[in-house]
Structures are given as structure tokens and as C-alpha cells.
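> Submitted below is the structure of interest, expressed as C-alpha cells.
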There are 2 protein chains.
Amino acid sequence: MSDQRTDQLSRVFAALSDPTRRDMVARLTEGDATVGDLAAPYDVSLQAVSKHLKVLEDAGLVTRTREAQRRPVHLEAEVFDLMTKWIERYQRQAEERFSRLDALLDEMNDRTDQTQDNTQGGTAS
Amino acid sequence: MSDQRTDQLSRVFAALSDPTRRDMVARLTEGDATVGDLAAPYDVSLQAVSKHLKVLEDAGLVTRTREAQRRPVHLEAEVFDLMTKWIERYQRQAEERFSRLDALLDEMNDRTDQTQDNTQGGTAS
DNA sequence: CCTCTCCTCAACCAGACGGTTGACAAGGGT
DNA sequence: ACCCTTGTCAACCGTCTGGTTGAGGAGAGG
């Protein structure tokens, strides 16, 4: 299948399931940053931050280039589209089904009106 | 422990980071289903599916009601908004920064053209 | 009543995850 | 040359996770 050792979508969702990593992504929307910069706000070791960045990188959310001893981290915002597409798809489907269900219920109400006697003003949702 | 165990956004992302769970959500857009229905396509025990559903429920993506011995599972699509809002916010920010950077680079190019000559003979110390 | 269906709870296990510390590679600054 | 800054790699540790099996609760239906 299209499962290349856990697909990217899974990795993206997993990466963003950590508040610290979400925070880093938020920070990166303001511009590239070094590992040290990103580590500063948090009370964890630099190595931990390095690991977080590896997770983000493996998810394709981030790229790291080389600049002297520093490794500037850059946000790759296109990956967001992957999620948005997935979400929108099922969100839309759920809404469609919802309106179909509404229509169905309306129809059932109509039928009930025809076959059975209806109580007055029964505008049940 | 600042929030209630872990915040909902984290739980939602974590819940959707599993392909099986994403698949279940996809299936639920077509209508409510029982645990057995949901378990059928996968080669795992019913208990495992039950656990998956608990994760989805804790994330607020799903609700389970009671109907005889069965437990129909219902998708709560509103939770998607939580993610979409988060994503869109930073996606937009990243794009804005991108265009600002573009503009800045253009301006820098203009200035370079004015103040300096070309790369030739640049014995810069 | 007893049984069968549908599902959850509890215990357990292997592996992934987030964190730590220690060592060290890479590259300036002096 | 030396050292200091910046960051990664590796090993280790406690916890969470996804899976299993076994036991059992809640109803429908003989």
C-alpha cells in the first residue's frame, strides 16, 4: 500500500500532537530560528529540542540548513495542505450526510403526515 | 499539568495520528456504526477497536450512546474546527511572512544595485 | 431461568516517546 | 594553535501506546 513506514499524514498529526512542537511551529511562522533560539523558552535540554526538531523534520514540517555552526530551522508551510485536505474532505462529507439525514427526516415526516395522523404543530427538529 | 491532563487540541492531533483511527473517522462520515461494524474491516480484536474508540471519544471526535446491547458511535465533526483554526492561523502567518520577505528581498536588491557595483573586482576585506 | 450477542475492564507485553546525561563533531573568535 | 559556541549522536530511563488474552456486565430471546 501507500504506507512508506508510517505515512506522512500520520507523522504530521503525530508531530503536532505535542504542545511544545506546536509552539515551535508557531514561533517559526515569525521567521527562521536556530536550535538555541527555539530552546530558550522551554525548560528542557538542547538535546530534547533537537529531537523535537527531528520529529518535525521527519514530518516534513521543517527543514534545517547549515550556516556556520548554526543550523537555522525553516518552516515548510505547504505540508499544512496535507492536513487541511484530509480534514476538509471528511468535514464536508459529514456535513453532507448531515443534510441528507435532515432531508430524510423531513421526508419521513411527510410520509408520517400522509399515513398516520399527526399531532398538531409537531415541528420536531 | 497546566491544562486538564492534556489539552484537547493535542488529543485530537494524537487521535488522528493513527491511520486506523483516521480510517474509522472516515467511515463514520457515512453514518453511525456499532463497534462490531467498525471492527470488521481490521484484523484486530474487538478490544483493540474499543480502545481506539475511547481515544477518539476522549478527543471529542466521537460520542457513544446506548441502544440495547449495542453502542452506536457517532462522529462529532465540529471538533475539526479546532484543528482547522489552529492550522489556518499559522498557515496564514507563514504566508504573510513569506510575502514580507519577498518584498524585503526586492528592496535589498534595489539598494544593492544603487550603492554597489557588480561582483567584479570586489577586494572586500 | 439460561444462553447468546455485544461490548468493556483488567492485566500484561513489546515498542515508541520524551526526557535526561555524557561525549564529540563542526566551525568561528582570539 | 586553543578554546568556546552550537548542535548532534548514543545510551539510558520512566511512561504512554497499541496490541493481545481472559473475565465479566448488560440486554434480547429462547
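Going by the C-alpha cells order, chains are called A, B, ..., each with residues numbered from 1, while ligands are numbered from 1 in the order shown.
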Check every residue of chain D for an atom within 12 Å of chain A, counting only C-alpha atoms (C1' of nucleotides), and provide those that qualify as a list in words.

DC4, DT5, DT6, DG7, DT8, DC9 and DA10 of chain D

> Residues of chain C within 7 Å of chain A, counting only C-alpha atoms (C1' of nucleotides) - could you list those as an MDAnalysis selection string?

chainID C and resid 19 26:27

> Considering only C-alpha atoms, state which residue in the set A:Thr20, A:Gln8, A:Gln93, A:Thr65 is at the smallest distance from chain B.

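Comparing A:Thr20, A:Gln8, A:Gln93, A:Thr65 against chain B, the winner is A:Gln93.
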
> Please report, as JSON lines, each residue of chain A lying at most 8 Å from chain B, together with the nearest pair of atoms and the separation in Å rounded to one decimal; use only C-alpha atoms, and order rows by chain and ascending residue number.


```
{"residue": "A:Leu9", "atom": "CA", "partner": "B:Ser17", "partner_atom": "CA", "distance": 7.3}
{"residue": "A:Ser10", "atom": "CA", "partner": "B:Ser17", "partner_atom": "CA", "distance": 4.4}
{"residue": "A:Arg11", "atom": "CA", "partner": "B:Ser17", "partner_atom": "CA", "distance": 6.7}
{"residue": "A:Val12", "atom": "CA", "partner": "B:Ser17", "partner_atom": "CA", "distance": 7.4}
{"residue": "A:Phe13", "atom": "CA", "partner": "B:Ser17", "partner_atom": "CA", "distance": 4.7}
{"residue": "A:Ala14", "atom": "CA", "partner": "B:Ser17", "partner_atom": "CA", "distance": 4.9}
{"residue": "A:Leu16", "atom": "CA", "partner": "B:Phe13", "partner_atom": "CA", "distance": 6.3}
{"residue": "A:Ser17", "atom": "CA", "partner": "B:Ser10", "partner_atom": "CA", "distance": 4.4}
{"residue": "A:Asp18", "atom": "CA", "partner": "B:Ser10", "partner_atom": "CA", "distance": 6.0}
{"residue": "A:Pro19", "atom": "CA", "partner": "B:Ser10", "partner_atom": "CA", "distance": 6.6}
{"residue": "A:Val25", "atom": "CA", "partner": "B:Tyr90", "partner_atom": "CA", "distance": 8.0}
{"residue": "A:Ala26", "atom": "CA", "partner": "B:Tyr90", "partner_atom": "CA", "distance": 6.3}
{"residue": "A:Thr29", "atom": "CA", "partner": "B:Ala94", "partner_atom": "CA", "distance": 4.7}
{"residue": "A:Glu30", "atom": "CA", "partner": "B:Arg97", "partner_atom": "CA", "distance": 6.8}
{"residue": "A:Gly31", "atom": "CA", "partner": "B:Arg97", "partner_atom": "CA", "distance": 7.4}
{"residue": "A:Leu75", "atom": "CA", "partner": "B:Ala94", "partner_atom": "CA", "distance": 7.9}
{"residue": "A:Ala77", "atom": "CA", "partner": "B:Gln91", "partner_atom": "CA", "distance": 6.1}
{"residue": "A:Phe80", "atom": "CA", "partner": "B:Ile87", "partner_atom": "CA", "distance": 6.8}
{"residue": "A:Thr84", "atom": "CA", "partner": "B:Thr84", "partner_atom": "CA", "distance": 6.9}
{"residue": "A:Ile87", "atom": "CA", "partner": "B:Phe80", "partner_atom": "CA", "distance": 6.8}
{"residue": "A:Tyr90", "atom": "CA", "partner": "B:Ala26", "partner_atom": "CA", "distance": 6.3}
{"residue": "A:Gln91", "atom": "CA", "partner": "B:Ala77", "partner_atom": "CA", "distance": 6.1}
{"residue": "A:Gln93", "atom": "CA", "partner": "B:Thr29", "partner_atom": "CA", "distance": 6.0}
{"residue": "A:Ala94", "atom": "CA", "partner": "B:Thr29", "partner_atom": "CA", "distance": 4.7}
{"residue": "A:Glu95", "atom": "CA", "partner": "B:Ala77", "partner_atom": "CA", "distance": 7.9}
{"residue": "A:Arg97", "atom": "CA", "partner": "B:Glu30", "partner_atom": "CA", "distance": 6.7}
```

> Mind pulling up the distance from C1' of DC3 in chain D to CA of Lys54 in chain A?

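Separation of CA of Lys54 in chain A and C1' of DC3 in chain D: 29.1 Å.
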